[in-house]
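Peer 1: So I've got this file, input.cif, and it contains mmCIF, C-alpha atoms and all ligand atoms:
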```
data_upload
loop_
_atom_site.label_atom_id
_atom_site.label_comp_id
_atom_site.auth_asym_id
_atom_site.auth_seq_id
_atom_site.Cartn_x
_atom_site.Cartn_y
_atom_site.Cartn_z
CA MET A 3 81.65 120.09 106.80
CA LYS A 4 81.55 118.21 110.08
CA GLU A 5 85.03 117.20 111.17
CA LYS A 6 85.61 113.49 111.52
CA LEU A 7 86.44 112.04 114.91
CA THR A 8 89.93 110.62 115.16
CA HIS A 9 90.13 109.71 118.87
CA LEU A 10 87.46 108.64 121.31
CA LYS A 11 87.80 107.92 125.02
CA LEU A 12 86.14 104.70 126.12
CA SER A 13 84.12 105.12 129.28
CA GLY A 14 83.12 102.41 131.74
CA ALA A 15 86.57 101.36 132.95
CA GLY A 16 86.30 97.90 134.49
CA ALA A 17 83.46 96.83 132.22
CA ASN A 18 84.30 94.37 129.46
CA MET A 19 85.60 95.69 126.15
CA PRO A 20 82.55 94.81 124.01
CA ARG A 21 80.28 96.71 126.38
CA ARG A 22 82.62 99.71 126.44
CA ILE A 23 82.70 99.82 122.64
CA LEU A 24 78.92 99.48 122.41
CA CYS A 25 78.53 102.40 124.80
CA SER A 26 80.88 104.62 122.78
CA ASP A 27 79.96 107.04 120.03
CA VAL A 28 82.14 105.37 117.40
CA PRO A 29 80.48 105.89 114.00
CA THR A 30 79.06 102.69 112.50
CA PRO A 31 79.75 100.54 110.66
CA CYS A 32 83.38 100.23 111.67
CA TYR A 33 86.00 97.64 112.42
CA LEU A 34 87.93 97.89 115.67
CA ILE A 35 91.22 96.09 116.21
CA ASP A 36 92.09 95.24 119.79
CA GLU A 37 95.78 95.90 120.34
CA ALA A 38 95.83 94.23 123.76
CA LYS A 39 94.42 91.00 122.34
CA LEU A 40 96.96 91.07 119.49
CA ARG A 41 99.68 91.28 122.12
CA GLU A 42 98.13 88.40 124.06
CA ASN A 43 98.16 86.26 120.88
CA GLY A 44 101.69 87.45 120.15
CA ARG A 45 102.88 86.29 123.57
CA VAL A 46 101.41 82.82 122.98
CA LEU A 47 103.19 82.56 119.63
CA LYS A 48 106.47 83.88 121.02
CA GLU A 49 106.41 81.26 123.74
CA ILE A 50 106.25 78.55 121.03
CA GLU A 51 109.14 80.18 119.18
CA ASP A 52 111.22 80.42 122.34
CA ALA A 53 110.50 76.84 123.39
CA THR A 54 111.27 75.25 120.01
CA GLY A 55 113.43 77.64 118.02
CA CYS A 56 110.79 77.76 115.29
CA ARG A 57 110.04 80.98 113.45
CA ILE A 58 106.48 82.24 113.12
CA LEU A 59 105.38 84.52 110.29
CA LEU A 60 102.21 86.56 109.90
CA ALA A 61 100.17 85.34 106.91
CA GLN A 62 99.11 88.73 105.63
CA LYS A 63 96.18 87.34 103.66
CA ALA A 64 94.34 87.04 106.99
CA PHE A 65 95.42 90.28 108.61
CA SER A 66 97.35 93.08 107.00
CA ASN A 67 96.51 96.18 109.02
CA TYR A 68 100.06 97.41 108.92
CA ASP A 69 99.64 100.08 111.57
CA LEU A 70 99.71 97.16 113.97
CA TYR A 71 102.87 95.57 112.52
CA PRO A 72 105.09 97.39 115.05
CA VAL A 73 103.10 95.58 117.75
CA LEU A 74 103.33 92.19 116.04
CA GLU A 75 106.99 92.39 115.14
CA GLU A 76 107.85 92.16 118.83
CA TYR A 77 106.63 88.57 118.70
CA LEU A 78 107.01 87.36 115.13
CA ALA A 79 109.87 86.51 112.79
CA GLY A 80 108.32 88.28 109.81
CA THR A 81 105.59 88.20 107.23
CA GLU A 82 104.28 85.81 104.60
CA ALA A 83 102.84 87.12 101.34
CA SER A 84 100.75 85.72 98.50
CA GLY A 85 102.25 87.88 95.79
CA LEU A 86 103.90 91.16 94.91
CA PHE A 87 101.75 93.62 96.83
CA GLU A 88 101.68 91.74 100.13
CA ALA A 89 105.42 91.09 99.83
CA ARG A 90 105.99 94.80 99.34
CA LEU A 91 103.79 95.61 102.31
CA GLY A 92 105.63 93.15 104.55
CA HIS A 93 108.98 94.48 103.36
CA GLU A 94 107.96 98.11 103.89
CA LYS A 95 106.15 97.75 107.17
CA MET A 96 108.21 95.05 108.92
CA PRO A 97 111.53 95.91 107.30
CA ALA A 98 113.78 94.35 109.91
CA LYS A 99 112.08 90.98 109.63
CA GLU A 100 111.87 88.10 107.16
CA CYS A 101 109.63 88.36 104.12
CA HIS A 102 108.40 85.07 102.60
CA VAL A 103 106.21 84.69 99.55
CA PHE A 104 104.23 81.84 98.06
CA SER A 105 102.11 82.11 94.95
CA ALA A 106 100.43 79.38 92.91
CA ALA A 107 102.12 81.02 89.90
CA TYR A 108 104.27 84.12 89.70
CA ILE A 109 103.64 86.80 87.10
CA PRO A 110 106.74 87.08 84.89
CA GLU A 111 106.59 90.90 84.60
CA GLN A 112 106.53 91.19 88.41
CA PHE A 113 109.24 88.74 89.35
CA ASP A 114 112.22 91.13 89.33
CA GLU A 115 110.39 93.54 91.60
CA LEU A 116 109.36 90.69 93.90
CA LEU A 117 113.05 89.88 94.35
CA GLU A 118 113.52 93.35 95.85
CA TYR A 119 111.11 92.54 98.68
CA ALA A 120 111.11 88.82 99.47
CA ASP A 121 113.93 86.82 101.01
CA HIS A 122 112.22 83.41 100.83
CA ILE A 123 110.43 82.46 97.62
CA VAL A 124 108.27 79.35 97.54
CA PHE A 125 107.23 77.86 94.21
CA ASN A 126 104.14 75.80 93.59
CA SER A 127 105.36 73.46 90.87
CA PRO A 128 108.51 72.09 89.29
CA SER A 129 107.79 74.19 86.18
CA GLN A 130 107.64 77.40 88.24
CA LEU A 131 110.86 76.40 89.98
CA ARG A 132 112.49 75.81 86.60
CA MET A 133 111.23 79.14 85.24
CA PHE A 134 112.06 81.45 88.17
CA GLY A 135 114.37 79.47 90.48
CA PRO A 136 117.65 80.44 88.77
CA ALA A 137 116.85 84.19 89.04
CA ALA A 138 115.87 83.77 92.69
CA LYS A 139 119.09 81.88 93.47
CA LYS A 140 121.17 84.45 91.58
CA ALA A 141 119.61 87.17 93.72
CA GLY A 142 120.67 85.24 96.82
CA LYS A 143 117.16 84.20 97.87
CA GLU A 144 116.12 81.15 99.83
CA VAL A 145 114.15 78.94 97.46
CA GLY A 146 111.41 76.49 98.41
CA LEU A 147 108.83 74.23 96.81
CA ARG A 148 105.33 73.71 98.12
CA ILE A 149 104.48 70.03 98.39
CA ASN A 150 101.02 68.52 98.59
CA PRO A 151 100.87 65.40 100.77
CA LEU A 152 97.29 64.68 99.62
CA CYS A 153 96.37 64.17 103.27
CA GLN A 154 92.90 65.49 104.02
CA THR A 155 92.29 66.25 107.68
CA GLN A 156 89.19 68.41 107.44
CA GLU A 157 85.60 67.75 106.56
CA GLY A 158 83.49 70.31 104.73
CA HIS A 159 85.01 73.68 103.79
CA GLU A 160 86.28 72.16 100.52
CA ILE A 161 87.10 75.65 99.34
CA TYR A 162 89.76 75.76 102.08
CA ASP A 163 91.16 72.25 101.61
CA PRO A 164 94.34 72.32 99.51
CA CYS A 165 94.52 68.52 99.69
CA ALA A 166 91.15 67.97 98.02
CA PRO A 167 91.43 65.67 94.99
CA GLY A 168 92.56 67.46 91.84
CA GLY A 169 93.73 70.55 93.77
CA ARG A 170 96.14 73.02 92.21
CA LEU A 171 98.18 73.90 95.28
CA GLY A 172 101.46 72.11 95.82
CA THR A 173 103.53 69.40 94.15
CA THR A 174 102.32 65.86 94.82
CA LYS A 175 104.78 63.01 95.27
CA GLN A 176 103.75 61.68 91.87
CA ALA A 177 104.46 65.05 90.23
CA TRP A 178 107.76 65.22 92.11
CA ASP A 179 108.81 61.78 90.84
CA GLU A 180 107.80 62.62 87.29
CA GLN A 181 109.13 66.18 87.03
CA MET A 182 111.91 66.91 89.52
CA ASP A 183 115.51 66.38 88.42
CA ASP A 184 118.87 66.85 90.16
CA ALA A 185 119.26 70.43 88.94
CA LEU A 186 115.86 71.42 90.31
CA ILE A 187 116.42 69.66 93.62
CA ALA A 188 119.80 71.38 93.95
CA MET A 189 118.07 74.76 93.90
CA LEU A 190 115.91 73.94 96.92
CA ASP A 191 116.64 75.26 100.39
CA GLY A 192 113.29 74.32 101.86
CA LEU A 193 109.92 72.63 101.53
CA HIS A 194 106.55 74.17 102.33
CA PHE A 195 103.21 72.55 102.99
CA HIS A 196 99.92 74.19 103.91
CA THR A 197 97.02 71.81 104.44
CA LEU A 198 95.12 72.93 107.55
CA CYS A 199 92.32 75.39 108.26
CA GLU A 200 91.35 76.37 111.82
CA GLN A 201 92.73 73.05 113.09
CA ASN A 202 94.33 71.64 116.21
CA SER A 203 97.76 70.05 116.40
CA ASP A 204 96.36 66.52 116.08
CA ALA A 205 95.61 67.34 112.42
CA LEU A 206 99.20 68.52 112.00
CA GLU A 207 100.44 65.25 113.50
CA ILE A 208 98.49 63.25 110.90
CA THR A 209 99.71 65.54 108.11
CA LEU A 210 103.33 65.33 109.22
CA ARG A 211 103.19 61.55 109.11
CA ALA A 212 102.02 61.72 105.48
CA VAL A 213 104.65 64.36 104.61
CA GLU A 214 107.46 62.32 106.15
CA GLU A 215 106.35 59.09 104.49
CA GLN A 216 106.40 60.72 101.08
CA PHE A 217 109.11 63.37 101.35
CA GLY A 218 111.22 62.32 104.38
CA ASP A 219 114.30 61.51 102.30
CA ILE A 220 114.19 64.97 100.73
CA MET A 221 113.59 66.73 104.05
CA HIS A 222 117.04 65.58 105.19
CA LYS A 223 118.57 67.69 102.40
CA MET A 224 116.70 70.90 103.32
CA ARG A 225 117.62 73.87 105.52
CA TRP A 226 114.05 74.70 106.48
CA ILE A 227 110.54 73.29 106.49
CA ASN A 228 107.55 75.64 106.43
CA MET A 229 104.44 73.97 107.87
CA GLY A 230 102.08 76.64 106.52
CA GLY A 231 99.09 78.13 108.31
CA GLY A 232 95.75 76.90 109.58
CA HIS A 233 97.17 76.15 113.05
CA HIS A 234 94.65 77.65 115.49
CA ILE A 235 97.40 78.06 118.07
CA THR A 236 95.84 80.88 120.10
CA ARG A 237 92.47 79.17 120.51
CA ALA A 238 91.72 78.15 124.10
CA ASP A 239 91.53 74.39 123.41
CA TYR A 240 94.58 74.23 121.11
CA ASP A 241 97.11 71.57 122.19
CA ARG A 242 100.29 73.65 122.17
CA GLU A 243 102.40 71.00 123.89
CA LEU A 244 101.77 68.62 120.99
CA LEU A 245 102.64 71.38 118.52
CA LYS A 246 105.95 71.95 120.30
CA LYS A 247 106.68 68.22 120.24
CA LEU A 248 106.02 68.07 116.50
CA ILE A 249 108.17 71.11 115.77
CA CYS A 250 111.06 69.69 117.80
CA HIS A 251 110.69 66.34 116.07
CA VAL A 252 111.02 67.95 112.62
CA ARG A 253 113.83 70.23 113.78
CA ASP A 254 115.87 67.38 115.28
CA THR A 255 115.14 64.63 112.75
CA TYR A 256 116.00 66.69 109.69
CA GLY A 257 118.27 69.38 111.15
CA VAL A 258 116.06 72.17 109.79
CA THR A 259 114.60 75.48 110.90
CA VAL A 260 110.84 75.12 111.20
CA TYR A 261 108.56 77.92 110.04
CA LEU A 262 104.84 78.35 110.70
CA GLU A 263 102.79 81.00 108.95
CA PRO A 264 99.43 81.32 110.68
CA GLY A 265 97.07 84.13 109.81
CA GLU A 266 94.04 83.54 111.96
CA ALA A 267 95.98 82.58 115.07
CA VAL A 268 97.81 85.91 115.05
CA ALA A 269 94.67 88.04 115.20
CA LEU A 270 92.12 85.55 116.55
CA ASN A 271 89.45 87.32 118.61
CA ALA A 272 91.37 90.58 118.19
CA GLY A 273 88.69 92.61 116.44
CA TYR A 274 85.09 93.74 116.34
CA LEU A 275 82.67 95.03 113.79
CA CYS A 276 80.29 97.60 115.27
CA THR A 277 77.05 98.04 113.35
CA ARG A 278 73.63 99.62 113.82
CA VAL A 279 70.05 98.49 113.17
CA LEU A 280 68.45 100.59 110.43
CA ASP A 281 65.02 99.02 110.02
CA PHE A 282 62.88 95.90 110.43
CA VAL A 283 61.12 93.93 107.70
CA LYS A 284 58.59 91.31 108.76
CA ASN A 285 57.95 88.48 106.33
CA GLY A 286 55.82 85.60 107.64
CA ASP A 287 57.42 84.32 110.83
CA VAL A 288 60.71 86.03 110.14
CA VAL A 289 61.62 89.47 111.40
CA ASN A 290 64.55 90.79 109.39
CA ALA A 291 66.69 93.42 111.05
CA ILE A 292 68.48 95.45 108.38
CA LEU A 293 71.93 96.55 109.54
CA ASP A 294 74.27 99.22 108.19
CA MET A 295 76.88 96.50 107.49
CA SER A 296 76.79 93.87 104.79
CA ALA A 297 77.90 90.24 105.02
CA ALA A 298 78.70 90.22 101.30
CA CYS A 299 80.80 93.38 101.44
CA HIS A 300 82.27 93.59 104.93
CA THR A 301 82.56 90.01 106.17
CA PRO A 302 82.66 87.96 102.94
CA ASP A 303 83.79 84.81 104.76
CA VAL A 304 80.40 84.66 106.49
CA LEU A 305 78.97 83.72 103.09
CA GLU A 306 82.01 82.08 101.54
CA MET A 307 83.15 79.82 104.33
CA PRO A 308 80.30 79.88 105.46
CA TYR A 309 80.34 80.65 109.18
CA ARG A 310 78.30 82.34 111.86
CA PRO A 311 80.19 85.18 113.54
CA PRO A 312 79.88 85.54 117.30
CA LEU A 313 77.68 88.45 118.33
CA TYR A 314 78.06 90.06 121.74
CA GLU A 315 74.89 89.35 123.78
CA GLY A 316 73.41 87.51 120.78
CA PHE A 317 72.24 83.91 121.14
CA GLU A 318 71.17 80.99 118.94
CA ALA A 319 67.80 81.51 117.26
CA GLY A 320 64.97 80.68 119.67
CA GLU A 321 67.23 80.56 122.73
CA LYS A 322 65.94 83.94 123.96
CA PRO A 323 62.52 85.55 123.49
CA TYR A 324 63.31 87.75 120.47
CA THR A 325 64.82 86.27 117.30
CA TYR A 326 65.84 88.33 114.27
CA ARG A 327 67.42 87.56 110.93
CA LEU A 328 70.32 89.98 110.68
CA GLY A 329 71.05 91.14 107.14
CA GLY A 330 72.70 93.88 105.16
CA PRO A 331 71.22 96.81 103.23
CA THR A 332 72.36 95.56 99.80
CA CYS A 333 70.12 94.16 97.05
CA LEU A 334 71.59 90.67 97.44
CA SER A 335 68.83 88.46 98.91
CA GLY A 336 71.44 86.25 100.52
CA ASP A 337 73.22 89.13 102.28
CA ILE A 338 72.37 87.52 105.60
CA ILE A 339 74.61 87.19 108.61
CA GLY A 340 72.33 84.76 110.43
CA ASP A 341 69.45 84.34 112.86
CA TYR A 342 70.23 85.58 116.36
CA ALA A 343 68.12 85.76 119.52
CA PHE A 344 68.11 88.52 122.13
CA GLU A 345 66.85 88.99 125.69
CA ARG A 346 65.06 92.19 124.72
CA PRO A 347 63.57 93.43 121.45
CA LEU A 348 65.95 95.31 119.16
CA GLY A 349 65.18 98.92 118.32
CA ALA A 350 66.07 101.04 115.30
CA GLY A 351 69.40 102.77 115.90
CA GLN A 352 70.57 100.11 118.32
CA ARG A 353 74.22 99.11 118.07
CA LEU A 354 75.37 95.51 117.76
CA LEU A 355 78.88 94.19 118.02
CA PHE A 356 80.21 91.24 116.05
CA GLU A 357 83.29 89.63 117.56
CA ASP A 358 86.37 87.93 116.09
CA MET A 359 86.35 90.40 113.23
CA ALA A 360 90.05 91.16 112.74
CA ILE A 361 90.72 88.23 110.40
CA TYR A 362 89.81 87.95 106.71
CA THR A 363 87.68 91.10 106.92
CA THR A 364 89.47 94.39 106.31
CA CYS A 365 91.78 92.67 103.82
CA LYS A 366 88.90 90.99 101.99
CA ASN A 367 86.07 93.53 101.92
CA ASN A 368 84.61 95.21 98.86
CA THR A 369 82.27 98.00 97.76
CA PHE A 370 79.61 95.96 95.90
CA ASN A 371 76.34 97.91 95.63
CA GLY A 372 78.33 101.05 96.35
CA MET A 373 78.61 100.06 99.99
CA PRO A 374 81.08 102.33 101.76
CA LEU A 375 84.08 100.68 103.35
CA PRO A 376 83.75 100.71 107.13
CA ASP A 377 86.53 102.70 108.75
CA ILE A 378 89.13 100.90 110.79
CA TRP A 379 89.85 101.89 114.38
CA VAL A 380 92.30 100.56 116.95
CA VAL A 381 91.43 99.95 120.59
CA LYS A 382 94.41 101.15 122.62
CA GLY A 383 93.85 101.02 126.36
CA ASP A 384 91.04 103.42 127.21
CA GLU A 385 91.03 105.01 123.78
CA ILE A 386 89.96 104.17 120.28
CA VAL A 387 91.92 105.71 117.43
CA ARG A 388 90.81 105.99 113.82
CA LEU A 389 93.21 104.60 111.19
CA THR A 390 91.28 105.22 107.99
CA ASP A 391 89.05 107.83 106.45
CA PHE A 392 87.28 106.03 103.60
CA THR A 393 85.11 108.12 101.32
CA TYR A 394 83.21 107.96 98.05
CA GLU A 395 86.58 108.22 96.27
CA ASP A 396 87.63 104.79 97.60
CA PHE A 397 84.57 103.27 95.90
CA LYS A 398 84.88 105.26 92.70
CA GLY A 399 88.67 105.08 92.35
CA ARG A 400 88.55 101.34 91.60
CA LEU A 401 86.06 101.70 88.79
CA GLY A 402 87.42 104.05 86.16
CA THR A 403 89.37 107.09 85.16
CA LYS A 404 90.32 109.70 87.70
CA ASP A 405 88.54 113.02 87.36
CA PRO A 406 90.97 115.82 86.44
CA ASP A 407 91.94 117.81 89.53
C1 LIG A 501 99.97 79.29 101.98
C2 LIG A 501 99.18 79.76 103.14
N1 LIG A 501 99.83 80.09 104.28
C3 LIG A 501 99.16 80.54 105.36
C4 LIG A 501 97.78 80.68 105.36
C5 LIG A 501 97.09 81.22 106.59
O1 LIG A 501 96.13 80.34 107.07
P1 LIG A 501 95.32 80.67 108.39
O2 LIG A 501 94.86 82.08 108.34
O3 LIG A 501 94.19 79.69 108.35
O4 LIG A 501 96.25 80.41 109.54
C6 LIG A 501 97.06 80.34 104.19
C7 LIG A 501 95.61 80.47 104.14
O5 LIG A 501 94.94 80.22 103.19
C8 LIG A 501 97.78 79.87 103.06
O6 LIG A 501 97.15 79.54 101.92
#
```
Represent the structure of the file as structure tokens.
Peer 2:
Amino acid sequence: MKEKLTHLKLSGAGANMPRRILCSDVPTPCYLIDEAKLRENGRVLKEIEDATGCRILLAQKAFSNYDLYPVLEEYLAGTEASGLFEARLGHEKMPAKECHVFSAAYIPEQFDELLEYADHIVFNSPSQLRMFGPAAKKAGKEVGLRINPLCQTQEGHEIYDPCAPGGRLGTTKQAWDEQMDDALIAMLDGLHFHTLCEQNSDALEITLRAVEEQFGDIMHKMRWINMGGGHHITRADYDRELLKKLICHVRDTYGVTVYLEPGEAVALNAGYLCTRVLDFVKNGDVVNAILDMSAACHTPDVLEMPYRPPLYEGFEAGEKPYTYRLGGPTCLSGDIIGDYAFERPLGAGQRLLFEDMAIYTTCKNNTFNGMPLPDIWVVKGDEIVRLTDFTYEDFKGRLGTKDPD
């Protein structure tokens, strides 16, 4: 059997990273995580922490490639989890740091084990607080409640808007007034709100106003306020000075520690997905280029969000002479990444490189249609290093009994 590559030298020093990756022999499809860019994002986040005293956690739902946690822990205060497994991962792989967890509802059989990993436990509702709060307090945990200020600051992307009418995430002021009592309030160390998605600090400013109007009196009694994720802090046009002002305002007005738990901002633009053209299918005016990656399996957010991922040296349809519809090899008609234009015609076997592929990809992919999982590599200086070695067993192992050895 041919031995798998584990390390590759990148040639073309001085050229930009996408070009160097495209010129390498890395097997496709694969994800590549750019350690240098993670550090750059980390430095931006650390500067906010240093300037304001806030504490920034990695939301693992966006990025949980734990081989890179030793890099991130230089800049971050810890991890945020959505349940037992992520909490365990954060605890195991960033053991010296804080481990927070929020779940819309905890699973009773798992709660004792969760207490072994998490130090901050955020509940979604007064009933969850009543059910699990006493055990969390007894175990010496910091206890919080997620509030929902019902303040919508985004248009579209309803699937990502926790403040949409009738939503299930967080306790509204009305629910608070109807269901919270002194005993429940006495258990609380902090409040949590998460309302943003890929937004600038002006949206946080609007949200904070709504939070303070509704919950300001309670905030004075808390030790910490967690302002959730969705802050696109490491994006070039993000207003970080306003963010700092808002953090300091909350810190000083209520005498609390402020937490942020971004996912995207931690690994924004810190990854690639390298793929290859397998074939072309012409249908009327459309030329489909079939790739060895799938939107449905390998970048589900492209269909779910939906969004158009940046493609190195790819342009808007019609902007350059050759336009193709890029799609996956699965049987799903809608397994389409988008229409992209190129300076020169594409050829079978040609490599393409999607950018900004570290977030909501490797932690969200699947093996629908029996699609293999793309391996994950890390770009470290002039080298790329393989982290995973996915095989048929990773597809099969999720579907039924294990074959006897
Ligand atoms: C509770 C909570 N915290 C943090 C995040 C991370 O958000 P983002 O990756 O947009 O920063 C999310 C995302 O859904 C979330 O639901």
Peer 1: Which residues sit within 8 Å of ligand LIG 501 (chain A), counting all atoms listed in the file, listed as a list in words?
Peer 2: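 Using all atoms listed in the file, everything at most 8 Å from ligand LIG 501 (chain A) comes to Ala61, Gln62, Lys63, Ala64, Glu82, Ser84, Phe104, Ser105, Tyr162, Phe195, His196, Leu198, Cys199, Glu200, Gly230, Gly231, Gly232, His233, His234, Glu263, Pro264, Gly265, Glu266, Ala267, Val268, Ile361 and Tyr362 of chain A.
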Peer 1: Separation of atom CA of A:Met373 and atom CA of A:Tyr394, in Å?
Peer 2: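 Rounded to one decimal, the two atoms are 9.3 Å apart.
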Peer 1: Write out as a list in words which residues come within 10 Å of A:Met133 when counting only C-alpha atoms, dropping same-chain ones fewer than 6 positions away.
Peer 2: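 Residues near the query, excluding close chain neighbours: Tyr108, Pro110, Phe125 and Ser127 of chain A.
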Peer 1: Could you pull the residues within 9 Å of stretch 344-357 of chain A, counting only C-alpha atoms, minus those fewer than 6 positions along the same chain, as JSON, numbers by chain?
Peer 2: {"A": [20, 21, 23, 24, 25, 30, 271, 272, 273, 274, 275, 276, 277, 278, 279, 280, 281, 282, 291, 293, 311, 312, 313, 314, 315, 316, 317, 318, 319, 320, 321, 322, 323, 324, 325, 326]}
Peer 1: Grab the atom CA of A:Cys101 to atom CA of A:His122 distance for me, in Å with one decimal place.
Peer 2: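 For atom CA of A:Cys101 relative to atom CA of A:His122, the distance reads 6.5 Å.
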Peer 1: So what do you get for atom CA of A:His222 versus atom CA of A:Gly85, distance-wise?
Peer 2: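 Separation between atom CA of A:His222 and atom CA of A:Gly85: 28.4 Å.
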Peer 1: Please provide the set of residues having any atom within 12 Å of A:Gly142, restricted to only C-alpha atoms, with same-chain residues fewer than 5 positions apart removed, written as a ChimeraX atom specification.
Peer 2: /A:117-118,120-123,135-137,189,191
Peer 1: A:Arg41, A:Asp303, A:Ala17, A:Gly257: which is nearest A:His159, counting all atoms listed in the file?
Peer 2: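 Closest to A:His159, using all atoms listed in the file: A:Asp303.
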Peer 1: For a quick check of understanding, using all atoms listed in the file, which of A:Ala269, A:Leu78, A:Ile227, A:Ala83 has the smallest distance to A:Val145?
Peer 2: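 Closest residue, counting all atoms listed in the file: A:Ile227.
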Peer 1: Have stretch 347-368 of chain A completed to N, CA and C atoms, please, and pass it along as a PDB file, in the coordinates of the input.
Peer 2:
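out05.pdb written:
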```
ATOM      1  N   PRO A 347      63.750  93.104 122.868  1.00  0.00           N
ATOM      2  CA  PRO A 347      63.570  93.430 121.450  1.00  0.00           C
ATOM      3  C   PRO A 347      64.608  94.444 120.987  1.00  0.00           C
ATOM      4  N   LEU A 348      65.024  94.324 119.731  1.00  0.00           N
ATOM      5  CA  LEU A 348      65.950  95.310 119.160  1.00  0.00           C
ATOM      6  C   LEU A 348      65.161  96.556 118.778  1.00  0.00           C
ATOM      7  N   GLY A 349      65.828  97.681 118.764  1.00  0.00           N
ATOM      8  CA  GLY A 349      65.180  98.920 118.320  1.00  0.00           C
ATOM      9  C   GLY A 349      65.992  99.544 117.197  1.00  0.00           C
ATOM     10  N   ALA A 350      65.341 100.340 116.363  1.00  0.00           N
ATOM     11  CA  ALA A 350      66.070 101.040 115.300  1.00  0.00           C
ATOM     12  C   ALA A 350      67.116 101.938 115.943  1.00  0.00           C
ATOM     13  N   GLY A 351      68.308 101.951 115.352  1.00  0.00           N
ATOM     14  CA  GLY A 351      69.400 102.770 115.900  1.00  0.00           C
ATOM     15  C   GLY A 351      70.264 102.023 116.894  1.00  0.00           C
ATOM     16  N   GLN A 352      69.798 100.854 117.318  1.00  0.00           N
ATOM     17  CA  GLN A 352      70.570 100.110 118.320  1.00  0.00           C
ATOM     18  C   GLN A 352      71.873  99.575 117.724  1.00  0.00           C
ATOM     19  N   ARG A 353      72.927  99.625 118.529  1.00  0.00           N
ATOM     20  CA  ARG A 353      74.220  99.110 118.070  1.00  0.00           C
ATOM     21  C   ARG A 353      74.370  97.638 118.403  1.00  0.00           C
ATOM     22  N   LEU A 354      75.035  96.926 117.510  1.00  0.00           N
ATOM     23  CA  LEU A 354      75.370  95.510 117.760  1.00  0.00           C
ATOM     24  C   LEU A 354      76.860  95.354 117.504  1.00  0.00           C
ATOM     25  N   LEU A 355      77.441  94.356 118.168  1.00  0.00           N
ATOM     26  CA  LEU A 355      78.880  94.190 118.020  1.00  0.00           C
ATOM     27  C   LEU A 355      79.235  92.745 117.669  1.00  0.00           C
ATOM     28  N   PHE A 356      79.712  92.555 116.439  1.00  0.00           N
ATOM     29  CA  PHE A 356      80.210  91.240 116.050  1.00  0.00           C
ATOM     30  C   PHE A 356      81.640  91.094 116.543  1.00  0.00           C
ATOM     31  N   GLU A 357      81.956  89.868 116.991  1.00  0.00           N
ATOM     32  CA  GLU A 357      83.290  89.630 117.560  1.00  0.00           C
ATOM     33  C   GLU A 357      84.124  88.777 116.594  1.00  0.00           C
ATOM     34  N   ASP A 358      85.401  88.654 116.914  1.00  0.00           N
ATOM     35  CA  ASP A 358      86.370  87.930 116.090  1.00  0.00           C
ATOM     36  C   ASP A 358      86.366  88.456 114.651  1.00  0.00           C
ATOM     37  N   MET A 359      86.494  89.740 114.526  1.00  0.00           N
ATOM     38  CA  MET A 359      86.350  90.400 113.230  1.00  0.00           C
ATOM     39  C   MET A 359      87.645  91.017 112.694  1.00  0.00           C
ATOM     40  N   ALA A 360      88.792  90.598 113.265  1.00  0.00           N
ATOM     41  CA  ALA A 360      90.050  91.160 112.740  1.00  0.00           C
ATOM     42  C   ALA A 360      90.556  90.354 111.543  1.00  0.00           C
ATOM     43  N   ILE A 361      90.115  89.103 111.418  1.00  0.00           N
ATOM     44  CA  ILE A 361      90.720  88.230 110.400  1.00  0.00           C
ATOM     45  C   ILE A 361      89.834  88.088 109.163  1.00  0.00           C
ATOM     46  N   TYR A 362      90.487  88.117 107.996  1.00  0.00           N
ATOM     47  CA  TYR A 362      89.810  87.950 106.710  1.00  0.00           C
ATOM     48  C   TYR A 362      88.620  88.897 106.555  1.00  0.00           C
ATOM     49  N   THR A 363      88.758  90.113 107.057  1.00  0.00           N
ATOM     50  CA  THR A 363      87.680  91.100 106.920  1.00  0.00           C
ATOM     51  C   THR A 363      88.195  92.343 106.199  1.00  0.00           C
ATOM     52  N   THR A 364      88.996  93.133 106.896  1.00  0.00           N
ATOM     53  CA  THR A 364      89.470  94.390 106.310  1.00  0.00           C
ATOM     54  C   THR A 364      90.311  94.145 105.062  1.00  0.00           C
ATOM     55  N   CYS A 365      90.941  92.979 104.982  1.00  0.00           N
ATOM     56  CA  CYS A 365      91.780  92.670 103.820  1.00  0.00           C
ATOM     57  C   CYS A 365      90.975  91.974 102.720  1.00  0.00           C
ATOM     58  N   LYS A 366      89.691  91.772 102.944  1.00  0.00           N
ATOM     59  CA  LYS A 366      88.900  90.990 101.990  1.00  0.00           C
ATOM     60  C   LYS A 366      87.602  91.701 101.613  1.00  0.00           C
ATOM     61  N   ASN A 367      87.369  92.884 102.150  1.00  0.00           N
ATOM     62  CA  ASN A 367      86.070  93.530 101.920  1.00  0.00           C
ATOM     63  C   ASN A 367      85.991  94.174 100.538  1.00  0.00           C
ATOM     64  N   ASN A 368      84.823  94.650 100.191  1.00  0.00           N
ATOM     65  CA  ASN A 368      84.610  95.210  98.860  1.00  0.00           C
ATOM     66  C   ASN A 368      83.470  96.231  98.903  1.00  0.00           C
TER      67      ASN A 368
END
```
